[in-house]
Every structure is written in structure tokens, then in C-alpha cells.
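Chemist: Contents are compact mmCIF, C-alpha atoms; file name run.txt:
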# COMPACT_ATOMS: atom_id res chain seq x y z
CA MET M 280 -60.95 -24.62 68.86
CA ARG M 281 -61.63 -26.42 65.62
CA ILE M 282 -62.20 -24.60 62.34
CA LEU M 283 -65.87 -25.60 62.15
CA GLU M 284 -66.47 -24.27 65.67
CA PHE M 285 -64.90 -20.87 65.03
CA PRO M 286 -67.85 -19.27 63.11
CA ILE M 287 -70.25 -20.45 65.88
CA ARG M 288 -68.23 -19.20 68.86
CA ARG M 289 -67.11 -16.00 67.15
CA TYR M 290 -70.48 -15.12 65.68
CA GLN M 291 -69.60 -11.42 65.62
CA PHE M 292 -66.87 -12.08 63.08
CA THR M 293 -69.21 -14.36 61.12
CA MET M 294 -71.90 -11.68 60.95
CA VAL M 295 -69.42 -9.05 59.76
CA ALA M 296 -68.08 -11.44 57.12
CA PHE M 297 -71.61 -12.22 55.97
CA LEU M 298 -72.53 -8.55 55.71
CA CYS M 299 -69.32 -7.74 53.82
CA LEU M 300 -69.97 -10.55 51.37
CA VAL M 301 -73.57 -9.40 50.85
CA ALA M 302 -72.41 -5.80 50.29
CA LEU M 303 -69.75 -7.00 47.87
CA GLY M 304 -72.31 -9.07 46.00
CA TRP M 305 -74.74 -6.16 45.80
CA TYR M 306 -72.03 -3.86 44.49
CA ALA M 307 -71.02 -6.47 41.91
CA PHE M 308 -74.64 -6.97 40.88
CA ALA M 309 -75.10 -3.22 40.38
CA SER M 310 -71.83 -2.82 38.44
CA VAL M 311 -71.51 -6.02 36.39
CA PRO M 312 -72.30 -5.46 32.69
CA ARG M 313 -75.51 -6.98 31.31
CA GLU M 314 -75.26 -8.60 27.90
CA GLU M 315 -77.07 -11.15 25.78
CA ASP M 316 -74.01 -13.26 24.97
CA PRO M 317 -70.65 -13.59 26.73
CA TYR M 318 -67.69 -11.97 25.04
CA PHE M 319 -64.62 -14.05 24.40
CA LYS M 320 -62.02 -13.97 21.68
CA ILE M 321 -62.42 -16.73 19.10
CA PRO M 322 -59.44 -17.50 16.84
CA GLY M 323 -61.59 -17.72 13.73
CA TYR M 324 -61.96 -15.43 10.73
CA THR M 325 -63.87 -15.12 7.48
CA VAL M 326 -62.40 -13.77 4.26
CA ALA M 327 -64.93 -12.69 1.64
CA ALA M 328 -63.63 -11.95 -1.86
CA ILE M 329 -66.05 -10.06 -4.12
CA TYR M 330 -65.33 -10.20 -7.85
CA PRO M 331 -68.33 -8.87 -9.82
CA GLY M 332 -69.11 -10.84 -12.95
CA ALA M 333 -66.69 -13.71 -12.27
CA ASP M 334 -67.90 -17.30 -12.41
CA PRO M 335 -67.00 -19.85 -9.68
CA LYS M 336 -64.18 -21.42 -11.71
CA ASP M 337 -62.40 -18.09 -12.18
CA LEU M 338 -62.85 -17.23 -8.51
CA GLU M 339 -61.40 -20.56 -7.44
CA ARG M 340 -58.39 -20.23 -9.71
CA LEU M 341 -57.64 -16.55 -9.16
CA VAL M 342 -58.67 -15.98 -5.52
CA ALA M 343 -59.84 -18.96 -3.47
CA LYS M 344 -56.98 -21.38 -4.26
CA PRO M 345 -54.16 -18.87 -3.55
CA LEU M 346 -55.87 -17.90 -0.28
CA GLU M 347 -56.21 -21.51 0.85
CA ASP M 348 -52.58 -22.26 0.00
CA LYS M 349 -51.36 -19.28 2.03
CA PHE M 350 -53.64 -19.93 5.02
CA ALA M 351 -52.85 -23.66 5.08
CA ALA M 352 -49.18 -22.82 5.66
CA LEU M 353 -50.01 -21.06 8.95
CA ASP M 354 -49.51 -22.85 12.25
CA ASP M 355 -52.33 -24.27 14.43
CA VAL M 356 -54.97 -24.32 11.69
CA ARG M 357 -57.89 -26.43 12.92
CA LYS M 358 -60.36 -26.14 10.06
CA MET M 359 -60.74 -24.26 6.81
CA GLU M 360 -63.71 -24.20 4.45
CA THR M 361 -64.43 -22.30 1.24
CA SER M 362 -67.71 -21.76 -0.54
CA ILE M 363 -67.93 -20.06 -3.94
CA ARG M 364 -70.83 -18.52 -5.78
CA ASP M 365 -71.10 -16.25 -8.78
CA GLY M 366 -69.00 -13.22 -7.95
CA VAL M 367 -68.31 -14.14 -4.31
CA SER M 368 -65.78 -16.39 -2.60
CA PHE M 369 -66.18 -17.05 1.12
CA THR M 370 -63.33 -18.63 3.12
CA ALA M 371 -63.68 -19.47 6.82
CA ILE M 372 -60.52 -20.35 8.75
CA GLU M 373 -60.46 -21.49 12.37
CA PHE M 374 -57.38 -21.98 14.56
CA LEU M 375 -56.91 -24.00 17.74
CA ALA M 376 -58.66 -22.55 20.77
CA SER M 377 -55.37 -22.28 22.68
CA THR M 378 -53.90 -19.78 20.20
CA ASP M 379 -53.86 -16.00 20.58
CA ALA M 380 -56.75 -14.59 18.54
CA ASP M 381 -55.09 -11.18 17.99
CA LYS M 382 -51.83 -12.73 16.86
CA LYS M 383 -53.58 -15.03 14.41
CA TYR M 384 -55.56 -12.11 13.03
CA ASP M 385 -52.29 -10.30 12.32
CA GLU M 386 -50.97 -13.38 10.55
CA VAL M 387 -54.09 -13.70 8.39
CA THR M 388 -54.02 -10.04 7.37
CA ARG M 389 -50.27 -10.25 6.68
CA GLU M 390 -50.70 -13.18 4.30
CA LEU M 391 -53.69 -11.50 2.71
CA ASN M 392 -51.81 -8.26 2.08
CA ALA M 393 -48.99 -10.24 0.49
CA LEU M 394 -51.48 -11.74 -1.97
CA ARG M 395 -53.35 -8.57 -2.90
CA PRO M 396 -51.00 -7.54 -5.77
CA GLU M 397 -51.64 -10.93 -7.42
CA PHE M 398 -55.43 -10.54 -7.39
CA PRO M 399 -57.32 -8.82 -10.21
CA PRO M 400 -57.80 -5.10 -9.47
CA GLU M 401 -61.60 -5.53 -9.36
CA VAL M 402 -61.44 -7.94 -6.41
CA ARG M 403 -62.57 -6.56 -3.07
CA ILE M 404 -61.50 -8.37 0.12
CA ILE M 405 -63.37 -8.19 3.46
CA VAL M 406 -61.94 -9.82 6.61
CA ARG M 407 -64.06 -10.34 9.71
CA ARG M 408 -63.55 -12.05 13.04
CA PHE M 409 -65.75 -14.61 14.74
CA SER M 410 -67.19 -12.65 17.65
CA PRO M 411 -70.51 -12.76 19.53
CA GLY M 412 -70.05 -9.06 20.25
CA LEU M 413 -70.77 -8.19 16.60
CA VAL M 414 -74.42 -9.22 16.93
CA ASN M 415 -76.76 -6.27 16.47
CA THR M 416 -78.55 -5.28 19.66
CA VAL M 417 -81.14 -2.96 18.15
CA GLN M 418 -82.82 -2.66 14.75
CA ILE M 419 -84.80 0.43 13.75
CA ALA M 420 -87.08 0.59 10.71
CA LEU M 421 -87.95 3.68 8.70
CA LEU M 422 -91.31 3.02 7.02
CA SER M 423 -92.84 4.84 4.08
CA ASP M 424 -94.88 3.83 1.06
CA GLY M 425 -94.52 7.15 -0.73
CA ALA M 426 -91.02 8.44 0.05
CA PRO M 427 -88.36 7.55 -2.55
CA TYR M 428 -85.47 5.33 -1.57
CA ARG M 429 -83.08 8.23 -1.92
CA GLU M 430 -84.88 10.16 0.83
CA LEU M 431 -85.11 7.09 3.06
CA GLU M 432 -81.40 6.45 2.52
CA ASP M 433 -80.50 9.99 3.56
CA TYR M 434 -82.52 9.73 6.77
CA ALA M 435 -81.15 6.25 7.50
CA ARG M 436 -77.57 7.46 7.15
CA GLU M 437 -78.30 10.46 9.34
CA LEU M 438 -79.69 8.18 12.05
CA LYS M 439 -76.71 5.84 11.64
CA ASP M 440 -74.25 8.68 12.19
CA LYS M 441 -76.25 9.80 15.23
CA LEU M 442 -76.19 6.34 16.82
CA LYS M 443 -72.43 6.03 16.29
CA THR M 444 -71.91 8.90 18.72
CA VAL M 445 -73.92 7.22 21.50
CA GLU M 446 -71.77 6.01 24.39
CA GLY M 447 -71.48 2.23 24.36
CA VAL M 448 -72.30 1.75 20.66
CA ARG M 449 -69.56 -0.02 18.71
CA SER M 450 -70.87 0.47 15.17
CA SER M 451 -74.05 1.26 13.28
CA GLU M 452 -75.13 0.35 9.75
CA SER M 453 -77.97 1.18 7.36
CA TRP M 454 -79.54 -1.48 5.16
CA ALA M 455 -82.23 -2.49 2.67
CA PHE M 456 -82.00 0.32 0.12
CA PRO M 457 -80.62 0.03 -3.42
CA GLU M 458 -77.29 1.59 -4.20
CA ARG M 459 -77.49 5.12 -5.58
CA GLU M 460 -76.17 5.59 -9.11
CA LEU M 461 -75.47 8.55 -11.35
CA ARG M 462 -76.81 7.61 -14.77
CA ILE M 463 -75.72 9.33 -18.00
CA ALA M 464 -78.04 8.44 -20.88
CA VAL M 465 -76.25 9.40 -24.10
CA ASP M 466 -78.04 10.36 -27.29
CA LEU M 467 -76.34 8.10 -29.83
CA ARG M 468 -77.84 9.94 -32.78
CA ARG M 469 -76.55 13.28 -31.59
CA MET M 470 -73.12 11.79 -30.85
CA SER M 471 -72.99 10.29 -34.33
CA GLU M 472 -73.69 13.70 -35.86
CA LEU M 473 -70.80 15.17 -33.85
CA ASN M 474 -68.57 12.18 -34.63
CA LEU M 475 -68.12 11.34 -30.96
CA ALA M 476 -67.71 7.92 -29.34
CA PRO M 477 -69.07 6.78 -25.94
CA ALA M 478 -65.50 6.13 -24.84
CA GLN M 479 -64.81 9.87 -25.07
CA VAL M 480 -67.63 10.57 -22.60
CA ILE M 481 -66.28 7.97 -20.19
CA GLY M 482 -62.74 9.33 -20.48
CA ALA M 483 -63.87 12.91 -19.88
CA ILE M 484 -65.75 11.96 -16.73
CA GLN M 485 -62.89 9.86 -15.35
CA SER M 486 -60.31 12.59 -15.97
CA GLU M 487 -62.44 15.31 -14.37
CA ASN M 488 -63.64 13.31 -11.36
CA ALA M 489 -60.23 12.88 -9.74
CA ASN M 490 -58.15 14.41 -6.95
CA ILE M 491 -54.47 14.52 -7.83
CA PRO M 492 -51.83 15.83 -5.38
CA ALA M 493 -49.79 18.55 -7.05
CA GLY M 494 -46.90 18.83 -4.60
CA PHE M 495 -45.87 21.64 -2.25
CA VAL M 496 -45.11 25.33 -2.48
CA ASP M 497 -42.64 26.85 -0.02
CA LEU M 498 -43.06 30.55 0.71
CA GLY M 499 -40.42 31.52 3.21
CA PRO M 500 -41.09 29.77 6.53
CA ARG M 501 -44.53 28.51 5.39
CA SER M 502 -45.34 25.49 3.22
CA PHE M 503 -48.58 24.85 1.31
CA SER M 504 -49.79 21.60 -0.21
CA LEU M 505 -51.46 21.78 -3.61
CA LYS M 506 -54.18 19.50 -4.87
CA THR M 507 -56.19 19.59 -8.06
CA SER M 508 -59.72 18.94 -6.85
CA GLY M 509 -61.94 17.48 -9.56
CA SER M 510 -64.53 15.50 -7.60
CA TYR M 511 -68.06 16.28 -8.67
CA SER M 512 -70.36 17.80 -6.08
CA SER M 513 -73.49 18.43 -8.18
CA LEU M 514 -75.25 17.26 -11.32
CA ASP M 515 -74.59 20.58 -13.07
CA GLN M 516 -70.85 20.02 -12.75
CA VAL M 517 -71.25 16.67 -14.51
CA ARG M 518 -73.40 18.25 -17.24
CA ASP M 519 -70.80 20.99 -17.81
CA THR M 520 -67.93 18.55 -18.31
CA VAL M 521 -66.20 19.20 -21.63
CA ILE M 522 -65.97 16.23 -23.97
CA ALA M 523 -64.27 17.75 -27.03
CA SER M 524 -63.95 20.82 -29.21
CA ILE M 525 -65.46 20.48 -32.71
CA ASP M 526 -65.08 23.25 -35.29
CA GLY M 527 -64.30 25.75 -32.55
CA ARG M 528 -67.37 24.76 -30.54
CA ILE M 529 -67.05 23.17 -27.10
CA VAL M 530 -69.20 20.08 -26.68
CA ARG M 531 -70.31 19.32 -23.14
CA ILE M 532 -72.05 16.30 -21.67
CA ARG M 533 -75.33 18.22 -21.44
CA ASP M 534 -75.28 18.54 -25.24
CA VAL M 535 -75.26 14.80 -25.89
CA ALA M 536 -76.64 13.13 -22.76
CA ASP M 537 -79.15 13.35 -19.92
CA VAL M 538 -77.67 13.26 -16.40
CA ALA M 539 -79.83 12.21 -13.43
CA TRP M 540 -79.71 10.29 -10.15
CA SER M 541 -81.06 6.76 -10.22
CA THR M 542 -80.80 3.51 -8.25
CA ALA M 543 -79.10 0.22 -8.99
CA ALA M 544 -80.99 -2.99 -9.59
CA TYR M 545 -82.79 -4.27 -6.49
CA SER M 546 -80.98 -7.27 -5.07
CA TYR M 547 -83.45 -7.39 -2.15
CA THR M 548 -86.13 -5.20 -0.56
CA GLY M 549 -86.85 -4.55 3.10
CA ARG M 550 -90.30 -4.99 4.61
CA TYR M 551 -91.55 -4.34 8.11
CA ASN M 552 -95.11 -5.44 8.93
CA GLY M 553 -95.75 -5.60 5.20
CA LYS M 554 -94.60 -2.03 4.53
CA ARG M 555 -91.57 -0.88 2.55
CA ALA M 556 -88.75 0.00 4.92
CA VAL M 557 -85.05 0.63 5.33
CA PHE M 558 -83.25 -0.47 8.49
CA VAL M 559 -80.64 0.95 10.82
CA THR M 560 -78.85 -1.48 13.14
CA ALA M 561 -76.37 -0.98 15.97
CA ASN M 562 -74.32 -3.20 18.26
CA GLN M 563 -72.74 -2.39 21.58
CA LYS M 564 -69.16 -2.37 22.82
CA ASP M 565 -67.89 -5.04 25.17
CA GLY M 566 -68.11 -4.33 28.89
CA TYR M 567 -71.16 -2.04 28.70
CA ASN M 568 -74.55 -2.59 30.28
CA ILE M 569 -77.00 -3.31 27.48
CA LEU M 570 -79.86 -1.78 29.49
CA ASP M 571 -78.03 1.54 29.87
CA VAL M 572 -76.93 1.52 26.21
CA ARG M 573 -80.50 0.84 25.18
CA GLU M 574 -81.78 3.86 27.10
CA ARG M 575 -79.22 6.12 25.43
CA VAL M 576 -80.00 4.68 21.98
CA MET M 577 -83.74 5.14 22.48
CA ALA M 578 -83.21 8.74 23.65
CA ALA M 579 -81.22 9.52 20.49
CA THR M 580 -83.77 7.70 18.33
CA ASN M 581 -86.73 9.56 19.80
CA GLN M 582 -84.93 12.84 19.30
CA PHE M 583 -84.29 11.91 15.66
CA ALA M 584 -87.89 10.74 15.12
CA ALA M 585 -89.15 14.22 15.97
CA THR M 586 -87.35 15.58 12.89
CA LEU M 587 -88.87 13.12 10.40
CA PRO M 588 -91.61 14.20 7.98
CA LYS M 589 -95.09 12.82 8.52
CA ARG M 590 -94.89 10.40 5.60
CA ILE M 591 -91.95 8.56 7.20
CA LYS M 592 -92.60 6.55 10.35
CA LEU M 593 -89.98 5.19 12.74
CA GLU M 594 -90.45 1.80 14.45
CA VAL M 595 -88.17 -0.28 16.70
CA GLY M 596 -88.13 -3.68 15.04
CA PHE M 597 -85.78 -5.53 17.38
CA ASP M 598 -84.47 -4.81 20.86
CA GLN M 599 -82.10 -7.37 22.35
CA SER M 600 -82.27 -5.76 25.78
CA GLU M 601 -85.81 -7.11 26.17
CA ASN M 602 -84.43 -10.66 26.21
CA VAL M 603 -81.86 -9.69 28.85
CA ARG M 604 -84.49 -7.92 30.93
CA HIS M 605 -86.77 -10.96 30.74
CA ARG M 606 -84.01 -13.29 31.93
CA LEU M 607 -83.15 -10.99 34.83
CA ASP M 608 -86.80 -10.76 35.87
CA ARG M 609 -87.02 -14.55 35.80
CA LEU M 610 -83.87 -14.76 37.93
CA TYR M 611 -85.36 -12.40 40.53
CA PHE M 612 -88.59 -14.42 40.56
CA ASP M 613 -86.78 -17.75 41.03
CA PHE M 614 -84.61 -16.25 43.73
CA ALA M 615 -87.70 -15.05 45.63
CA ILE M 616 -89.30 -18.49 45.27
CA ALA M 617 -86.19 -20.20 46.62
CA ILE M 618 -86.08 -18.03 49.75
CA SER M 619 -89.85 -18.33 50.27
CA LEU M 620 -89.82 -22.12 50.05
CA VAL M 621 -86.93 -22.44 52.45
CA LEU M 622 -88.57 -20.05 54.89
CA LEU M 623 -91.95 -21.80 54.61
CA THR M 624 -90.45 -25.25 55.08
CA LEU M 625 -88.03 -24.54 57.91
CA LEU M 626 -89.94 -21.90 59.86
CA PRO M 627 -91.76 -24.52 61.99
CA LEU M 628 -88.34 -25.77 63.11
CA GLY M 629 -87.39 -22.36 64.50
CA LEU M 630 -86.29 -18.96 63.33
CA ARG M 631 -82.64 -19.67 64.04
CA ALA M 632 -82.47 -22.80 61.89
CA ALA M 633 -84.51 -21.24 59.10
CA GLY M 634 -82.41 -18.07 59.15
CA ILE M 635 -79.09 -19.94 58.99
CA VAL M 636 -80.18 -22.02 55.99
CA MET M 637 -81.87 -19.11 54.24
CA VAL M 638 -78.79 -16.89 54.52
CA SER M 639 -76.76 -19.40 52.53
CA ILE M 640 -78.79 -18.70 49.36
CA PRO M 641 -77.99 -14.97 48.95
CA LEU M 642 -74.44 -15.60 50.16
CA SER M 643 -73.78 -18.16 47.44
CA LEU M 644 -75.25 -15.85 44.78
CA SER M 645 -73.31 -12.88 46.15
CA PHE M 646 -70.07 -14.83 45.98
CA GLY M 647 -70.81 -15.89 42.40
CA LEU M 648 -71.64 -12.34 41.30
CA ALA M 649 -68.49 -10.99 42.94
CA CYS M 650 -66.39 -13.57 41.09
CA LEU M 651 -68.05 -12.63 37.77
CA TYR M 652 -67.41 -8.94 38.32
CA PHE M 653 -63.77 -9.12 39.44
CA LEU M 654 -62.86 -11.66 36.74
CA GLY M 655 -64.15 -9.25 34.09
CA TYR M 656 -67.14 -11.29 32.95
CA SER M 657 -70.68 -10.06 32.31
CA LEU M 658 -74.13 -11.10 33.42
CA ASN M 659 -75.29 -12.86 30.26
CA GLN M 660 -77.51 -15.76 29.32
CA LEU M 661 -74.89 -18.34 30.36
CA SER M 662 -74.09 -16.82 33.75
CA ILE M 663 -77.79 -16.19 34.40
CA ALA M 664 -78.50 -19.84 33.63
CA GLY M 665 -75.85 -20.77 36.21
CA LEU M 666 -77.48 -18.53 38.81
CA TRP M 667 -80.86 -20.00 37.91
CA TRP M 668 -79.50 -23.47 38.57
CA ARG M 669 -78.06 -22.30 41.87
CA SER M 670 -81.31 -20.78 43.11
CA ASP M 671 -83.47 -23.61 41.73
CA CYS M 672 -81.18 -26.11 43.41
CA TRP M 673 -82.19 -24.71 46.78
CA SER M 674 -85.89 -24.40 45.97
CA THR M 675 -86.46 -27.69 44.15
CA THR M 676 -83.99 -30.00 45.93
CA PRO M 677 -84.95 -30.22 49.62
CA SER M 678 -82.14 -32.64 50.36
CA SER M 679 -79.57 -29.90 49.62
CA TRP M 680 -80.69 -27.42 52.24
CA TRP M 681 -81.82 -30.21 54.61
CA ARG M 682 -78.25 -31.50 54.77
CA THR M 683 -77.07 -27.96 55.46
CA PHE M 684 -79.63 -27.57 58.21
CA ARG M 685 -78.59 -30.84 59.90
CA ALA M 686 -74.92 -29.89 59.73
CA THR M 687 -75.67 -26.48 61.23
CA CYS M 688 -77.62 -28.03 64.10
CA ALA M 689 -74.80 -30.46 64.76
CA TRP M 690 -72.25 -27.59 64.93
CA GLY M 691 -74.54 -25.72 67.30
CA ALA M 692 -74.89 -28.76 69.56
CA ARG M 693 -71.11 -29.14 69.76
CA ALA M 694 -70.75 -25.49 70.67
Mind converting the file's structure to C-alpha cells?

Modeler:
Amino acid sequence: MRILEFPIRRYQFTMVAFLCLVALGWYAFASVPREEDPYFKIPGYTVAAIYPGADPKDLERLVAKPLEDKFAALDDVRKMETSIRDGVSFTAIEFLASTDADKKYDEVTRELNALRPEFPPEVRIIVRRFSPGLVNTVQIALLSDGAPYRELEDYARELKDKLKTVEGVRSSESWAFPERELRIAVDLRRMSELNLAPAQVIGAIQSENANIPAGFVDLGPRSFSLKTSGSYSSLDQVRDTVIASIDGRIVRIRDVADVAWSTAAYSYTGRYNGKRAVFVTANQKDGYNILDVRERVMAATNQFAATLPKRIKLEVGFDQSENVRHRLDRLYFDFAIAISLVLLTLLPLGLRAAGIVMVSIPLSLSFGLACLYFLGYSLNQLSIAGLWWRSDCWSTTPSSWWRTFRATCAWGARA
């Protein structure tokens, strides 16, 4: 018995194999993660150096050039580019695709840590990887025309902390509000009368707003750590800070200055549908179903929205799961069209011939889904496009399934 004759003569085995493959494909389809983009490790990184007030020439000499020299000495560097603006240096380094992304990240951070002591103390370094998994999957807007930015910031941070606890969420951030500042407006005339300098106010605040470890105290078998806690927790503590003692009188900050919360200069403002807004974004962890994560995020968001005052409105500005859901619906629709066209075309030739050809469509998709699941991949826009092509191939290319039908009839005739 030849190999091609075996599935015809032993049709019981063939039917069991078909059913097992269909069950495996259905299990894979129900379990495979749904995502917008495929996750894969890219050996590329960005190094942002922030130096407030520095011009591009100083940044190039003090930060960008030393970084490029160190990174250029690494192995397997494919491309490296640096762009510099006022106060910011941005270096992108990419290694060969065959290299280990985690190992190269360790090398980049090692060289960067070796350079940190040579940088000015005001420089702040941020290292990030190239990764499609860092794309935000949901964006939530808090709208209000009357609420101050400080109140919107507090609610945005509360929502951010709530979303971080949701299963499947990698990180969450809040955006589009100015930085909060504590402003101390000194009365220069009053300070002149007391013979005080602004530097004394600055020094008093810096010395009081500090946490300094004070060592340990051993009491028999027990040991206690001591710490002088000086961090401010209220405006009154700042106002009561002692600046100096003049003629037996203690001068505090409240005597020569006004202390109040304020905001930094607006570098940008957030708008949603023309209204002032702050945003909270979140992205999901790899290997999770974006549809399930979305349901949990929306449940937490709706629960949080019930606690907001009436003057603040919550809106979902962006939901990436809608794109994934749309692609899946289109895949189901194309799959139904493919089976319907095959059935409509081949049914006049007989149920047996039409059934044999029609079974090959779900079997091929089941096999592809099983491979995706067991190889650790997700159902994303690239894999969905491949399944689209597979189903459309059967529905729009009659020669494909016609050749299969002829071959099946020939095997049946030999049997």
C-alpha cells in the first residue's frame, strides 16, 4: 500500500487525525495571545542625556562624544546616530540582528556606568530598548476646564497607580500636566533690613530638607538604625524653617518670604476634543491577550471614574484592542467566505468531493494556529495577515482548490 493510498483505505485513522488537528487548532486559537504587534527582541537602544541649560556644543563635548567613543568600541555595532538639541542629547545605537539583545544591553549599561563619573553632576541619563511591546495600548483622558492642574495631576497619578496593579499591564504613565513647584518669593526689602542674603535662605532649606543616616544603636540583642529625617511634608514646615538668629530673635522663612505651591512653565498642553486634559497611558506585558487586558483595564477605569467629582470627566481616547478586534472580525468573515465559495462551487460535483476540499481550509488554518501557539508567538497583525492570505487563497484562487479536488478524485479512483 502506497503512502497516498493509506489515508483513503484507512479512513478511520484519517478522520481521527483530522478531528485531533481541528481540536488542537481550536485550543490554540482560544489560548494564543492577541496583540497588535509581534514581540521580538531587537538589539537596539537609545541613550538620552538631559543637561538643562547646556548648548549643543557643550553637550557634544561633554556627553555625546564620550558616549560615541565608548559605544563604537563595542563589537557588532551596525549603526549609531546622535542628534543634539538645546539641553538634550539623543544617541541611538543598533547592533547586528544575530547578537543577543540582553547581552548587548548589559554591555551598553556597563560602558555608560563607567562614564557617569566623568559627566557633569546635572546630567541625567535615560536608556531605553527598541521594543514594539512598549507601545501604549490604552490612553485615558481626564477632562476639565475649571479644575486646576494640581487636582488633575493627583487624580491622574491615582489612576496610574491603579492601572499598574491590573494583571497584564506592564507600566502606566501620566502626562500633559506641568511640573509642580514649591515657590518661595522672598521680600528683598525685609531681608535687607535684617541684613540677610538669598543664599542664606537657600542654604537653610537645603540643610533642613535632607535625610542623613546616623548609624546604629545596639541595645543588647537588638539593633536600631538611626536616621535624621528632615524632608518637608507640608508648607508650614517650610515656613517655620530657621534662617538665622539676629539680636536674639529667630528669623524664619515666613518672616521674609511667601511660600506656596505653583507650577513650572508650560512646555506643552494636552487637549482632547478641544478641552484641557491630562492623560494616563498603559501598555501590556508580553504574552497576554490584549482583549482580556482591555476588559480588566476598563473595569478598573470605570470603578475609578465613579470616584471623580462632577467637574472632571473621564474619556477613553485610544484603545488599541479595537484594531485587533477589527482584524479578527475580518479574519472570521474571510474564512466564512472561503468555505462558502468552495461549498457553492463544488456542491454540484457531489457532497464527497466538496467535503474533502472544504475540510482542507480549516485544517490548514488549524495547523498554522497550533504552530503559532506552541512556538510561543501571538496572533498579531502579521500572523493575521498570513491567515488572511491563506483563506483568501482558497476563496479567490479557484485553481488552488481545483487541483486539490482533482488529486483527491484520482486517489479515490485508484482506491

Chemist: What is the CA of Ser451 (chain M) to CA of Ala578 (chain M) distance in Å?

Modeler: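 CA of Ala578 (chain M) lies at a distance of 15.7 Å from CA of Ser451 (chain M).
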
Chemist: Show which residues sit within 10 Å of region 477-486 of chain M, as a PDB file with C-alpha atoms, in the frame of the given file. Count only C-alpha atoms, and ignore same-chain residues fewer than 5 positions away.

Modeler:
ATOM      1  CA  ILE M 463     -75.720   9.330 -18.000  1.00  0.00           C
ATOM      2  CA  VAL M 465     -76.250   9.400 -24.100  1.00  0.00           C
ATOM      3  CA  ASP M 466     -78.040  10.360 -27.290  1.00  0.00           C
ATOM      4  CA  LEU M 467     -76.340   8.100 -29.830  1.00  0.00           C
ATOM      5  CA  MET M 470     -73.120  11.790 -30.850  1.00  0.00           C
ATOM      6  CA  SER M 471     -72.990  10.290 -34.330  1.00  0.00           C
ATOM      7  CA  GLY M 509     -61.940  17.480  -9.560  1.00  0.00           C
ATOM      8  CA  SER M 510     -64.530  15.500  -7.600  1.00  0.00           C
ATOM      9  CA  TYR M 511     -68.060  16.280  -8.670  1.00  0.00           C
ATOM     10  CA  VAL M 517     -71.250  16.670 -14.510  1.00  0.00           C
ATOM     11  CA  ARG M 518     -73.400  18.250 -17.240  1.00  0.00           C
ATOM     12  CA  THR M 520     -67.930  18.550 -18.310  1.00  0.00           C
ATOM     13  CA  VAL M 521     -66.200  19.200 -21.630  1.00  0.00           C
ATOM     14  CA  ILE M 522     -65.970  16.230 -23.970  1.00  0.00           C
ATOM     15  CA  ALA M 523     -64.270  17.750 -27.030  1.00  0.00           C
ATOM     16  CA  ARG M 531     -70.310  19.320 -23.140  1.00  0.00           C
ATOM     17  CA  ILE M 532     -72.050  16.300 -21.670  1.00  0.00           C
ATOM     18  CA  VAL M 535     -75.260  14.800 -25.890  1.00  0.00           C
ATOM     19  CA  ALA M 536     -76.640  13.130 -22.760  1.00  0.00           C
TER      20      ALA M 536
END

Chemist: Between M:Asp381, M:Glu401, M:Glu460, M:Glu446, which one has atoms that come closest to Val538 (chain M), using all atoms listed in the file?

Modeler: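 Among the listed residues, M:Glu460 lies closest to Val538 (chain M).
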
Chemist: Work out how far apart CA of Pro627 (chain M) and CA of Leu644 (chain M) are and give it in Å to one decimal.

Modeler: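 Atom-to-atom, CA of Pro627 (chain M) and CA of Leu644 (chain M) are spaced 25.4 Å apart.
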
Chemist: Return the single residue from M:Ala584, M:Asp608, M:Gly655, M:Asn562 that is closest to Leu438 (chain M), with distances computed using all atoms listed in the file.

Modeler: M:Ala584

Chemist: Could you state the separation of CA of Ser453 (chain M) and CA of Asp433 (chain M) in Å, given to one decimal place?

Modeler: 9.9 Å

Chemist: Which is closest to Thr548 (chain M) among M:Pro457, M:Pro312, M:Phe369, M:Ala302, if we use only C-alpha atoms?

Modeler: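 When distances to Thr548 (chain M) are compared using only C-alpha atoms, the smallest one comes from M:Pro457.
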
Chemist: Residues around (-68.5, 21.2, -36.9), cut-off 10 Å, counting only C-alpha atoms - what are they as an MDAnalysis selection string?

Modeler: chainID M and resid 472:474 524:528

Chemist: Take the point (-72.1, 3.0, 21.9) as written in the file and pick out every residue within 10 Å of it, counting only C-alpha atoms; give the list as a compact mmCIF listing (two decimals) with C-alpha atoms, in the frame of the given file.

Modeler:
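Output file point_30.txt is given in full below:
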# COMPACT_ATOMS: atom_id res chain seq x y z
CA LEU M 442 -76.19 6.34 16.82
CA LYS M 443 -72.43 6.03 16.29
CA THR M 444 -71.91 8.90 18.72
CA VAL M 445 -73.92 7.22 21.50
CA GLU M 446 -71.77 6.01 24.39
CA GLY M 447 -71.48 2.23 24.36
CA VAL M 448 -72.30 1.75 20.66
CA ARG M 449 -69.56 -0.02 18.71
CA SER M 450 -70.87 0.47 15.17
CA SER M 451 -74.05 1.26 13.28
CA ALA M 561 -76.37 -0.98 15.97
CA ASN M 562 -74.32 -3.20 18.26
CA GLN M 563 -72.74 -2.39 21.58
CA LYS M 564 -69.16 -2.37 22.82
CA ASP M 565 -67.89 -5.04 25.17
CA TYR M 567 -71.16 -2.04 28.70
CA ILE M 569 -77.00 -3.31 27.48
CA VAL M 572 -76.93 1.52 26.21
CA ARG M 573 -80.50 0.84 25.18
CA ARG M 575 -79.22 6.12 25.43
CA VAL M 576 -80.00 4.68 21.98

Chemist: So, counting all atoms listed in the file, which residue among M:His605, M:Lys441, M:Lys344, M:Lys382 is closest to Val559 (chain M)?

Modeler: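 Of M:His605, M:Lys441, M:Lys344, M:Lys382, the one nearest Val559 (chain M), counting all atoms listed in the file, is M:Lys441.
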
Chemist: At most 8 Å is the cut-off: for each residue in region 392-496 of chain M with any atom that close to an atom of region 324-329 of chain M, write down the nearest atom pair and the distance in Å rounded to one decimal, counting all atoms listed in the file, chain first then increasing number, as a Markdown table.

Modeler:
| residue | atom | partner | partner_atom | distance |
| --- | --- | --- | --- | --- |
| M:Val402 | CA | M:Ile329 | CA | 5.6 |
| M:Arg403 | CA | M:Ile329 | CA | 5.0 |
| M:Ile404 | CA | M:Ala328 | CA | 4.6 |
| M:Ile405 | CA | M:Ala327 | CA | 5.1 |
| M:Val406 | CA | M:Val326 | CA | 4.6 |
| M:Arg407 | CA | M:Thr325 | CA | 5.3 |
| M:Arg408 | CA | M:Tyr324 | CA | 4.4 |
| M:Phe409 | CA | M:Tyr324 | CA | 5.6 |
